[in-house]
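The file entry_39.txt comes next; it holds compact mmCIF, C-alpha atoms.
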```txt
# COMPACT_ATOMS: atom_id res chain seq x y z
CA MET A 1 13.92 -16.27 -12.17
CA ILE A 2 11.53 -18.55 -14.11
CA PRO A 3 8.77 -16.65 -15.97
CA ILE A 4 5.30 -17.68 -14.82
CA THR A 5 3.00 -15.47 -16.92
CA ARG A 6 2.77 -14.38 -20.58
CA LYS A 7 3.97 -10.93 -19.53
CA GLU A 8 7.01 -12.39 -17.80
CA LEU A 9 7.85 -14.45 -20.89
CA TYR A 10 8.13 -11.18 -22.79
CA LEU A 11 10.06 -9.46 -19.98
CA ASN A 12 12.38 -12.45 -19.74
CA LYS A 13 13.17 -12.19 -23.44
CA ILE A 14 13.58 -8.40 -23.29
CA VAL A 15 16.32 -8.68 -20.65
CA GLY A 16 18.25 -11.03 -22.93
CA ASN A 17 17.35 -14.47 -21.58
CA ASP A 18 16.78 -16.89 -24.48
CA ASP A 19 15.92 -19.93 -22.36
CA TYR A 20 12.17 -19.37 -22.83
CA SER A 21 10.21 -18.41 -25.93
CA VAL A 22 7.67 -15.61 -26.08
CA PRO A 23 4.05 -16.38 -27.07
CA GLU A 24 3.52 -16.92 -30.80
CA LYS A 25 1.41 -13.78 -31.19
CA PRO A 26 0.75 -10.78 -28.91
CA ILE A 27 -2.87 -10.58 -27.81
CA SER A 28 -3.02 -7.45 -25.67
CA GLU A 29 -1.89 -3.86 -26.17
CA GLU A 30 0.90 -4.34 -23.63
CA GLU A 31 2.14 -7.43 -25.45
CA PHE A 32 2.25 -5.51 -28.73
CA PHE A 33 4.54 -2.98 -27.04
CA PHE A 34 6.69 -5.81 -25.65
CA ALA A 35 6.91 -7.37 -29.12
CA GLU A 36 7.92 -4.01 -30.59
CA ILE A 37 10.70 -3.68 -28.01
CA LEU A 38 11.94 -7.11 -29.11
CA GLY A 39 12.10 -5.89 -32.70
CA GLU A 40 9.27 -8.06 -33.99
CA ALA A 41 7.45 -6.93 -37.14
CA VAL A 42 4.42 -5.56 -35.28
CA GLN A 43 3.06 -2.09 -34.80
CA ALA A 44 1.87 -1.32 -31.31
CA PRO A 45 -0.94 1.24 -30.99
CA ALA A 46 -0.46 4.84 -29.96
CA PRO A 47 0.38 4.91 -26.24
CA LEU A 48 -2.58 5.98 -24.14
CA THR A 49 -1.41 5.27 -20.58
CA ARG A 50 1.72 6.33 -18.74
CA TYR A 51 2.90 2.71 -18.72
CA GLN A 52 2.47 2.47 -22.49
CA MET A 53 4.32 5.75 -22.98
CA PHE A 54 7.36 4.33 -21.20
CA LEU A 55 7.15 1.10 -23.22
CA ALA A 56 6.90 3.06 -26.48
CA LYS A 57 10.01 5.04 -25.54
CA ILE A 58 11.90 1.86 -24.69
CA ALA A 59 10.87 0.52 -28.11
CA GLY A 60 12.68 3.48 -29.67
CA ARG A 61 9.80 5.78 -30.56
CA GLU A 62 10.49 9.53 -30.65
CA ILE A 63 8.03 10.55 -27.93
CA GLU A 64 8.21 12.51 -24.70
CA ILE A 65 7.79 10.52 -21.51
CA PRO A 66 6.57 11.86 -18.16
CA TYR A 67 8.80 12.12 -15.13
CA PRO A 68 8.44 8.90 -13.10
CA GLU A 69 6.16 8.98 -10.09
CA THR A 70 5.95 5.37 -8.90
CA ARG A 71 8.64 2.83 -8.06
CA LEU A 72 8.00 0.88 -11.28
CA GLU A 73 8.02 4.04 -13.38
CA HIS A 74 11.52 4.81 -12.13
CA PHE A 75 12.68 1.46 -13.52
CA LEU A 76 10.83 2.08 -16.79
CA ALA A 77 12.26 5.59 -17.11
CA LYS A 78 15.76 4.24 -16.50
CA ALA A 79 15.23 1.61 -19.21
CA ALA A 80 14.01 4.37 -21.55
CA GLY A 81 17.28 6.26 -21.11
CA MET A 82 16.25 8.84 -18.49
CA ASP A 83 18.93 9.70 -15.93
CA VAL A 84 17.05 8.73 -12.76
CA GLU A 85 17.84 6.75 -9.65
CA THR A 86 16.04 3.45 -9.07
CA PRO A 87 15.28 1.81 -5.72
CA VAL A 88 16.27 -1.72 -4.77
CA PRO A 89 13.90 -3.95 -6.83
CA ILE A 90 11.22 -5.70 -4.83
CA THR A 91 8.51 -6.94 -7.20
CA ARG A 92 9.07 -9.47 -9.96
CA GLU A 93 8.56 -6.84 -12.68
CA GLU A 94 10.98 -4.44 -10.98
CA ILE A 95 13.57 -7.24 -10.98
CA TYR A 96 13.10 -7.80 -14.72
CA TRP A 97 13.45 -4.11 -15.57
CA SER A 98 16.46 -3.73 -13.27
CA ASN A 99 18.11 -6.54 -15.26
CA TYR A 100 17.22 -4.71 -18.48
CA THR A 101 18.97 -1.50 -17.39
CA ALA A 102 22.02 -3.60 -16.61
CA VAL A 103 22.24 -5.23 -20.05
CA ILE A 104 22.20 -1.96 -22.01
CA LYS A 105 25.88 -1.70 -21.15
CA PHE A 106 27.79 -3.99 -23.48
CA GLU A 107 31.30 -4.49 -24.75
CA VAL A 108 32.47 -6.30 -27.87
CA GLU A 109 35.72 -6.29 -29.79
CA GLY A 110 37.21 -7.96 -32.84
CA ILE A 111 37.56 -7.56 -36.59
CA PRO A 112 34.52 -6.10 -38.42
CA PRO A 113 31.80 -6.96 -38.87
CA LEU A 114 31.04 -6.88 -35.17
CA ILE A 115 27.64 -8.35 -34.38
CA TYR A 116 26.02 -7.49 -31.07
CA LYS A 117 22.63 -7.02 -29.42
CA SER A 118 21.24 -3.77 -28.07
CA ASN A 119 17.94 -2.42 -26.83
CA GLY A 120 18.21 0.46 -29.29
CA ASN A 121 18.05 3.20 -26.66
CA ASN A 122 21.68 3.79 -25.77
CA LEU A 123 24.46 5.58 -27.58
CA ILE A 124 27.69 3.73 -28.23
CA ASN A 125 31.33 4.60 -28.22
CA TYR A 126 33.84 2.73 -30.33
CA ARG A 127 37.59 2.67 -30.84
CA ILE A 128 39.25 1.82 -34.15
CA ASP A 129 42.78 0.42 -34.12
CA GLY A 130 45.04 1.11 -37.08
CA ALA A 131 46.78 -1.41 -39.30
CA ALA A 132 49.71 -1.71 -41.69
CA GLY A 133 48.99 0.33 -44.81
CA GLY A 134 46.90 2.85 -42.87
CA VAL A 135 43.17 2.77 -42.11
CA GLY A 136 41.41 5.69 -43.81
CA ASP A 137 40.80 6.67 -47.44
CA LEU A 138 41.93 10.05 -48.74
CA ASP A 139 39.23 12.57 -49.67
CA SER A 140 40.85 14.55 -52.48
CA GLU A 141 38.55 17.53 -51.91
CA THR A 142 39.15 18.03 -48.18
CA GLY A 143 42.56 16.37 -47.80
CA LYS A 144 41.18 14.38 -44.87
CA TYR A 145 41.29 10.61 -44.42
CA LEU A 146 37.80 9.19 -44.05
CA ILE A 147 36.77 6.18 -42.01
CA PRO A 148 33.09 5.50 -42.76
CA VAL A 149 31.30 3.48 -40.08
CA THR A 150 27.94 1.81 -40.65
CA ILE A 151 25.65 0.15 -38.13
CA SER A 152 22.97 -2.00 -39.74
CA GLY A 153 20.19 -4.17 -38.41
CA LYS A 154 20.27 -7.88 -39.21
CA ASN A 155 19.23 -7.25 -42.84
CA ILE A 156 22.30 -5.76 -44.53
CA PHE A 157 20.62 -5.58 -47.96
CA ASN A 158 19.28 -2.11 -48.71
CA LYS A 159 17.31 -2.04 -51.95
CA THR A 160 16.33 1.64 -51.61
CA LEU A 161 19.76 3.11 -52.34
CA THR A 162 20.86 4.18 -55.80
CA ASP A 163 24.56 3.45 -55.43
CA GLY A 164 25.01 0.16 -53.63
CA TYR A 165 22.14 -2.28 -53.47
CA HIS A 166 19.57 -0.77 -55.80
CA LEU A 167 17.53 -3.17 -57.93
CA ALA A 168 17.31 -1.93 -61.48
CA SER A 169 16.13 -3.65 -64.62
CA GLY A 170 18.87 -4.62 -67.05
CA THR A 171 21.94 -3.40 -65.17
CA GLY A 172 25.18 -4.97 -66.29
CA LEU A 173 25.98 -8.41 -64.98
CA PRO A 174 28.51 -10.40 -67.03
CA ALA A 175 27.02 -13.19 -69.16
CA ALA A 176 23.58 -12.90 -67.58
CA ASN A 177 20.08 -13.30 -68.97
CA GLU A 178 18.84 -10.00 -70.39
CA ARG A 179 15.50 -10.47 -68.65
CA ARG A 180 16.71 -9.66 -65.20
CA CYS A 181 17.16 -7.14 -62.42
CA ALA A 182 20.42 -6.94 -60.53
CA THR A 183 22.20 -5.19 -57.72
CA PHE A 184 23.63 -1.97 -59.09
CA GLU A 185 27.04 -2.68 -57.57
CA PRO A 186 28.53 -5.61 -55.66
CA VAL A 187 27.47 -5.73 -52.01
CA GLN A 188 30.54 -5.92 -49.79
CA ILE A 189 30.27 -8.47 -47.02
CA SER A 190 32.43 -9.93 -44.26
CA GLY A 191 32.15 -12.81 -41.87
CA SER A 192 31.85 -16.57 -42.26
CA SER A 193 28.25 -17.40 -43.19
CA LEU A 194 25.70 -15.31 -45.08
CA THR A 195 22.08 -16.36 -45.59
CA VAL A 196 20.02 -14.80 -48.37
CA SER A 197 16.24 -15.02 -48.50
CA PHE A 198 13.68 -13.36 -50.75
CA THR A 199 10.11 -13.50 -51.97
CA ALA A 200 9.63 -13.83 -55.72
CA GLY A 201 7.27 -15.15 -58.35
CA ALA A 202 7.06 -18.88 -59.07
CA ASP A 203 9.24 -18.70 -62.19
CA ILE A 204 11.83 -16.29 -60.82
CA ARG A 205 15.25 -17.55 -59.72
CA MET A 206 18.35 -15.86 -58.44
CA MET A 207 21.93 -15.97 -59.62
CA TYR A 208 24.96 -14.65 -57.80
CA SER A 209 28.66 -14.11 -58.36
CA LEU A 210 31.01 -14.05 -55.37
CA PHE A 211 34.16 -11.93 -55.61
CA LEU A 212 37.35 -11.90 -53.57
CA ASN A 213 39.89 -9.15 -54.32
CA GLY A 214 37.92 -8.26 -57.44
CA GLU A 215 38.05 -11.76 -58.96
CA ILE A 216 35.11 -14.13 -59.34
CA LYS A 217 35.45 -16.96 -56.84
CA ALA A 218 32.08 -18.65 -57.31
CA ARG A 219 28.98 -18.33 -59.47
CA ARG A 220 25.68 -20.11 -59.04
CA THR A 221 22.40 -19.91 -60.95
CA GLY A 222 18.84 -21.12 -60.52
CA ILE A 223 18.75 -20.60 -56.76
CA GLU A 224 15.56 -20.59 -54.72
CA SER A 225 15.03 -18.90 -51.36
CA PRO A 226 16.59 -19.27 -48.83
CA PHE A 227 20.22 -20.29 -49.32
CA THR A 228 23.46 -19.93 -47.39
CA ILE A 229 26.89 -18.94 -48.71
CA ASP A 230 30.23 -19.61 -47.05
CA ILE A 231 32.16 -16.38 -47.36
CA TYR A 232 35.55 -14.90 -46.57
CA ASN A 233 36.45 -11.60 -45.05
CA ARG A 234 35.86 -8.66 -47.45
CA ASP A 235 34.09 -10.73 -50.13
CA SER A 236 31.59 -8.99 -52.39
CA ILE A 237 28.40 -10.55 -53.73
CA TYR A 238 26.69 -9.49 -56.95
CA ILE A 239 23.17 -10.82 -57.37
CA ALA A 240 20.59 -10.85 -60.14
CA PHE A 241 17.08 -12.22 -60.55
CA TYR A 242 15.78 -13.65 -63.80
CA ASN A 243 12.68 -15.36 -65.19
CA VAL A 244 13.34 -19.01 -66.03
CA THR A 245 10.60 -18.99 -68.68
CA ALA A 246 12.37 -16.14 -70.53
CA SER A 247 8.96 -14.71 -71.36
CA VAL A 248 8.65 -11.77 -68.97
CA THR A 249 11.16 -9.09 -68.07
CA VAL A 250 11.96 -9.17 -64.38
CA THR A 251 11.73 -5.77 -62.67
CA ALA A 252 12.42 -4.58 -59.16
CA ALA A 253 8.71 -4.84 -58.41
CA ASP A 254 8.87 -8.63 -58.93
CA ILE A 255 11.24 -9.04 -55.98
CA SER A 256 10.40 -8.24 -52.37
CA ASP A 257 11.47 -8.99 -48.82
CA ILE A 258 15.12 -9.45 -49.76
CA GLN A 259 17.24 -10.16 -46.72
CA MET A 260 20.96 -10.79 -46.32
CA GLU A 261 22.01 -11.69 -42.80
CA TYR A 262 24.99 -13.08 -40.98
CA ALA A 263 23.38 -16.31 -39.86
CA ALA A 264 23.41 -20.02 -40.68
CA GLU A 265 19.65 -20.04 -41.27
CA ALA A 266 17.15 -17.48 -42.54
CA THR A 267 15.11 -15.68 -39.90
CA ALA A 268 11.97 -13.52 -40.14
CA TYR A 269 12.25 -10.66 -42.63
CA GLU A 270 13.04 -7.18 -41.34
CA PRO A 271 13.41 -4.00 -43.41
CA HIS A 272 16.96 -2.76 -43.77
CA THR A 273 17.96 -0.30 -41.02
CA GLU A 274 21.15 1.70 -41.11
CA ILE A 275 22.98 4.39 -39.16
CA THR A 276 26.14 5.93 -40.58
CA ALA A 277 28.97 8.19 -39.47
CA ALA A 278 32.39 9.11 -40.82
CA LEU A 279 35.57 9.96 -38.99
CA ASN A 280 37.73 12.63 -40.65
CA LEU A 281 41.41 12.29 -39.77
CA ASP A 282 44.50 14.28 -40.71
CA ALA A 283 46.38 11.04 -41.41
CA PRO A 284 45.50 7.36 -41.79
CA LEU A 285 45.75 5.12 -38.72
CA GLY A 286 48.89 3.03 -38.78
CA THR A 287 49.88 0.06 -36.66
CA GLY A 288 49.68 0.90 -32.97
CA GLU A 289 47.50 3.96 -33.54
CA SER A 290 43.81 4.27 -32.67
CA VAL A 291 40.94 6.73 -32.65
CA SER A 292 37.89 6.84 -30.41
CA LEU A 293 34.46 8.09 -31.35
CA ALA A 294 34.45 9.95 -28.03
CA ASP A 295 37.35 12.01 -29.38
CA THR A 296 35.19 13.25 -32.25
CA GLY A 297 31.89 13.74 -30.42
CA ILE A 298 29.85 11.87 -33.04
CA PRO A 299 26.84 10.25 -31.34
CA ILE A 300 25.75 6.87 -32.74
CA ARG A 301 22.50 5.36 -31.52
CA THR A 302 22.11 1.61 -31.62
CA ILE A 303 19.36 -0.29 -33.42
CA ASN A 304 16.95 -2.38 -31.41
CA GLY A 305 17.93 -6.04 -31.71
CA THR A 306 20.84 -7.14 -33.90
CA ASN A 307 23.50 -4.54 -34.65
CA ILE A 308 26.25 -5.08 -37.24
CA LEU A 309 29.15 -2.63 -37.32
CA MET A 310 31.11 -2.35 -40.57
CA VAL A 311 34.09 -0.13 -41.38
CA GLY A 312 34.10 0.93 -45.03
CA THR A 313 37.80 1.55 -45.66
CA THR A 314 40.09 -0.15 -48.17
CA VAL A 315 42.48 -1.17 -45.38
CA GLN A 316 40.50 -2.70 -42.54
CA PRO A 317 41.23 -1.95 -38.87
CA SER A 318 43.23 -4.52 -36.95
CA LYS A 319 40.49 -4.37 -34.32
CA VAL A 320 37.36 -2.43 -33.41
CA TYR A 321 36.19 -2.04 -29.84
CA ILE A 322 32.61 -1.11 -28.97
CA LYS A 323 31.36 -0.04 -25.58
CA GLY A 324 27.68 0.54 -24.84
CA GLU A 325 28.24 3.68 -22.85
CA PHE A 326 28.70 7.14 -24.28
CA LYS A 327 30.11 10.23 -22.66
CA LYS A 328 27.35 12.74 -23.23
CA ILE A 329 28.77 15.85 -24.85
CA THR A 330 27.28 18.75 -26.75
CA THR A 331 27.44 17.83 -30.42
CA THR A 332 25.59 18.03 -33.72
CA TYR A 333 25.50 16.18 -37.03
CA VAL A 334 23.63 15.89 -40.32
CA GLN A 335 21.42 12.84 -39.93
CA SER A 336 20.11 12.47 -43.49
CA ILE A 337 19.74 14.13 -46.88
CA GLU A 338 16.92 13.10 -49.22
CA PRO A 339 17.00 14.50 -52.76
CA ASP A 340 13.58 14.47 -54.49
CA ASN A 341 14.21 14.70 -58.22
CA THR A 342 10.50 14.48 -59.02
CA ASN A 343 9.55 17.56 -57.00
CA ASN A 344 12.85 19.45 -57.36
CA LYS A 345 13.62 19.59 -53.66
CA ILE A 346 16.16 18.36 -51.12
CA ILE A 347 15.17 17.46 -47.54
CA PHE A 348 17.79 17.97 -44.82
CA VAL A 349 17.53 16.42 -41.32
CA VAL A 350 19.97 17.45 -38.56
CA ARG A 351 20.40 16.49 -34.90
CA ALA A 352 21.92 18.25 -31.89
CA TYR A 353 22.58 17.03 -28.34
CA ARG A 354 23.41 18.93 -25.14
CA SER A 355 25.70 17.87 -22.32
CA ASN A 356 24.22 18.13 -18.83
CA ASN A 357 26.92 20.67 -17.97
CA ASP A 358 26.14 23.00 -20.88
CA ARG A 359 23.32 25.44 -21.66
CA MET A 360 21.96 25.46 -25.18
CA VAL A 361 21.63 28.83 -26.94
CA ARG A 362 20.50 27.92 -30.44
CA ALA A 363 20.79 25.17 -33.03
CA GLY A 364 19.90 24.58 -36.65
CA LEU A 365 21.51 24.29 -40.06
CA VAL A 366 23.30 26.43 -42.63
CA THR A 367 23.22 25.72 -46.34
CA THR A 368 24.34 27.33 -49.57
CA ASN A 369 24.65 26.69 -53.28
CA ASP A 370 27.58 29.08 -53.52
CA PRO A 371 30.64 27.06 -54.64
CA ALA A 372 32.92 29.82 -53.38
CA ILE A 373 31.74 29.06 -49.84
CA GLY A 374 31.10 25.33 -50.22
CA VAL A 375 31.98 23.14 -47.24
CA ASN A 376 33.05 26.19 -45.20
CA ILE A 377 29.47 27.45 -44.80
CA ASN A 378 28.74 28.91 -41.33
CA VAL A 379 26.21 31.17 -39.59
CA ASN A 380 28.13 34.29 -40.63
CA SER A 381 28.53 33.37 -44.30
CA THR A 382 27.40 35.81 -46.97
CA VAL A 383 26.99 35.26 -50.69
CA ILE A 384 30.18 35.54 -52.73
CA THR A 385 29.00 34.34 -56.13
CA SER A 386 26.28 36.40 -57.81
CA GLY A 387 22.95 34.60 -58.07
CA CYS A 388 23.68 32.14 -55.25
CA LYS A 389 22.05 32.00 -51.83
CA VAL A 390 22.90 31.35 -48.18
CA PHE A 391 20.32 30.15 -45.65
CA VAL A 392 20.80 30.17 -41.88
CA LYS A 393 17.99 28.22 -40.22
CA GLU A 394 17.38 28.19 -36.47
CA VAL A 395 15.19 25.79 -34.50
CA ALA A 396 12.33 27.52 -32.70
CA GLY A 397 11.69 27.01 -29.00
CA VAL A 398 15.24 26.16 -27.89
CA THR A 399 15.83 26.71 -24.16
CA PRO A 400 19.02 26.38 -22.09
CA THR A 401 17.89 22.93 -20.90
CA THR A 402 16.83 21.53 -24.28
CA ASP A 403 18.47 18.08 -24.37
CA ASN A 404 18.25 17.11 -28.01
CA ILE A 405 16.90 18.44 -31.27
CA LYS A 406 15.77 16.90 -34.53
CA TYR A 407 15.24 19.53 -37.22
CA THR A 408 13.99 19.04 -40.78
CA TRP A 409 14.23 21.70 -43.47
CA THR A 410 13.37 21.43 -47.17
CA LYS A 411 15.04 23.39 -49.96
CA THR A 412 12.52 23.74 -52.75
CA LYS A 413 12.92 24.83 -56.38
CA VAL A 414 16.29 23.14 -56.73
CA THR A 415 17.50 23.18 -60.35
CA ASP A 416 19.33 20.43 -62.24
CA GLY A 417 23.08 20.48 -61.64
CA GLU A 418 22.76 22.70 -58.57
CA ILE A 419 24.85 21.54 -55.59
CA TRP A 420 23.78 22.41 -52.04
CA TYR A 421 26.25 22.31 -49.15
CA VAL A 422 24.94 21.86 -45.60
CA ARG A 423 26.25 21.82 -42.03
CA SER A 424 24.37 21.63 -38.76
CA TYR A 425 25.39 23.82 -35.83
CA VAL A 426 24.76 24.19 -32.10
CA GLU A 427 25.65 27.21 -30.00
CA TYR A 428 25.95 26.73 -26.24
CA ILE A 429 27.45 28.05 -22.99
CA ASN A 430 29.81 25.63 -21.26
CA SER A 431 30.53 25.13 -17.56
CA ASP A 432 33.24 27.83 -17.71
CA ASN A 433 30.60 30.30 -18.94
CA GLU A 434 32.18 30.44 -22.42
CA GLN A 435 29.78 30.82 -25.36
CA LEU A 436 30.83 28.47 -28.15
CA ILE A 437 29.47 27.31 -31.50
CA ILE A 438 30.33 24.00 -33.15
CA TYR A 439 29.51 22.64 -36.60
CA SER A 440 29.01 19.22 -38.07
CA ASP A 441 31.04 17.89 -40.97
CA ALA A 442 29.82 19.36 -44.24
CA ALA A 443 27.70 17.36 -46.66
CA LYS A 444 26.58 18.13 -50.17
CA ALA A 445 23.89 16.93 -52.54
CA SER A 446 22.15 17.61 -55.82
CA LEU A 447 18.85 16.34 -57.21
CA ASP A 448 20.78 13.29 -58.46
CA GLY A 449 21.81 12.25 -54.96
CA ILE A 450 24.31 12.78 -52.15
CA ILE A 451 27.76 13.69 -53.45
```

Before we go any further, please render this structure as structure tokens.
Amino acid sequence: MIPITRKELYLNKIVGNDDYSVPEKPISEEEFFFAEILGEAVQAPAPLTRYQMFLAKIAGREIEIPYPETRLEHFLAKAAGMDVETPVPITREEIYWSNYTAVIKFEVEGIPPLIYKSNGNNLINYRIDGAAGGVGDLDSETGKYLIPVTISGKNIFNKTLTDGYHLASGTGLPAANERRCATFEPVQISGSSLTVSFTAGADIRMMYSLFLNGEIKARRTGIESPFTIDIYNRDSIYIAFYNVTASVTVTAADISDIQMEYAAEATAYEPHTEITAALNLDAPLGTGESVSLADTGIPIRTINGTNILMVGTTVQPSKVYIKGEFKKITTTYVQSIEPDNTNNKIIFVVRAYRSNNDRMVRAGLVTTNDPAIGVNINVNSTVITSGCKVFVKEVAGVTPTTDNIKYTWTKTKVTDGEIWYVRSYVEYINSDNEQLIIYSDAAKASLDGII
């Protein structure tokens, strides 16, 4: 179907058809919502109408949407992830949205990184196939083999972290100008072509070293934005910025809009977006073995637009398979931990989801600074070590039909050197009328960061 209006140009693009371009700039409130769905760097207004509420939900905002009343609203609700039936499409807009609900199901397989498109509203399942040498790195504390999985947006450079891509003045780069700021550690990359772009002062240039198996393979200096690097699977890049006049110390504040993307040419800047999970296995995955995310019950939501899946193990999988459908089960996980060294506090965020066949009883988090309890913290834990504490926090307002929960709790007055362990939990009644409680994997953090 050929788009004949500005609105249809947006709808055409939203359903994944790249044959026609969208208008250069949105000019109406609806178009701002359409642009947001497409992942453009715009901020649509607060939704005021029912139609806008559905669009905001499709764009990935955490808002409640009404139950659909009209034919079109059924299509919009379906696109927003609501489990509703839709009629046979009749109008042109109904046809567009019916195509959209069809494209949220996707399949892709290959060697990481896997690059794919998603509307950002669906959960994914993936399967990891083992390889010679075993996929999974041993955690000496738990005895488990970890397979960290990361889904990033198109910008894989995260300059907010303290242990991977953080820009810090004067960090150690071999034989580099002292007036510089550099990535704290090499950024591990994979693929065939990486484009780097950045915004910097007129006298600021970039230098990079490219590593393969820990050895320098290439080094370039005096580079301006943007530039493209030919890379090999599992390369690492170490970058630094310096002032060519050697008169001013370069700091992190001098560099902005840094973007690394798997592309032949630089595209519009987007902030780094990342979703992480980790599989905990009793043994590494060897040749012929595999594990599915559905086996673990870890829900991973896609990012709107470009999604890049990486597997952070020493031995890489022989193949990863992604499917854009997820068997909805009752599960829970720790979404994020944010230590605040300035204000002596740690912010915990947890999530819980309910299967349609289950009834939710309660959900929340448990946390302790008692090392004698540690990662085994649960709702029945009591203090073992004198002077330590145990907190059991429960979300208010949970009903049997509560579908999902996002809960934030802040531990204040955290002291230096104190380690806090946390797990999320959800208690529910299953279809066999059994009352069960499940916990997330444990995480721990101090004021210095996640451990």

Step by step, gather every atom of range 282-291 of chain A that the file lists, find the box along x, y and z that holds them, add 8 Å on each side, and finally give centre and edge lengths in Å to one decimal, as JSON.
```
{"center_x": 45.4, "center_y": 7.2, "center_z": -37.2, "size_x": 24.9, "size_y": 30.2, "size_z": 25.1}
```

Quick one: distance from CA of Arg423 in chain A to CA of Arg351 in chain A in Å, one decimal?
10.7 Å

Tell me which protein, DNA and RNA residues are within 7 Å of range 286-289 of chain A, counting all atoms listed in the file, leaving out same-chain ones fewer than 6 positions away, and put them as an MDAnalysis selection string.
chainID A and resid 129:135

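Nearest residue to Ser355 in chain A among A:Val291, A:Ile429, A:Val398, A:Ala266 is A:Ile429, counting all atoms listed in the file.
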
Quick check, in Å to one decimal: how far apart do CA of Lys413 in chain A and CA of Ala363 in chain A lie?
24.6 Å
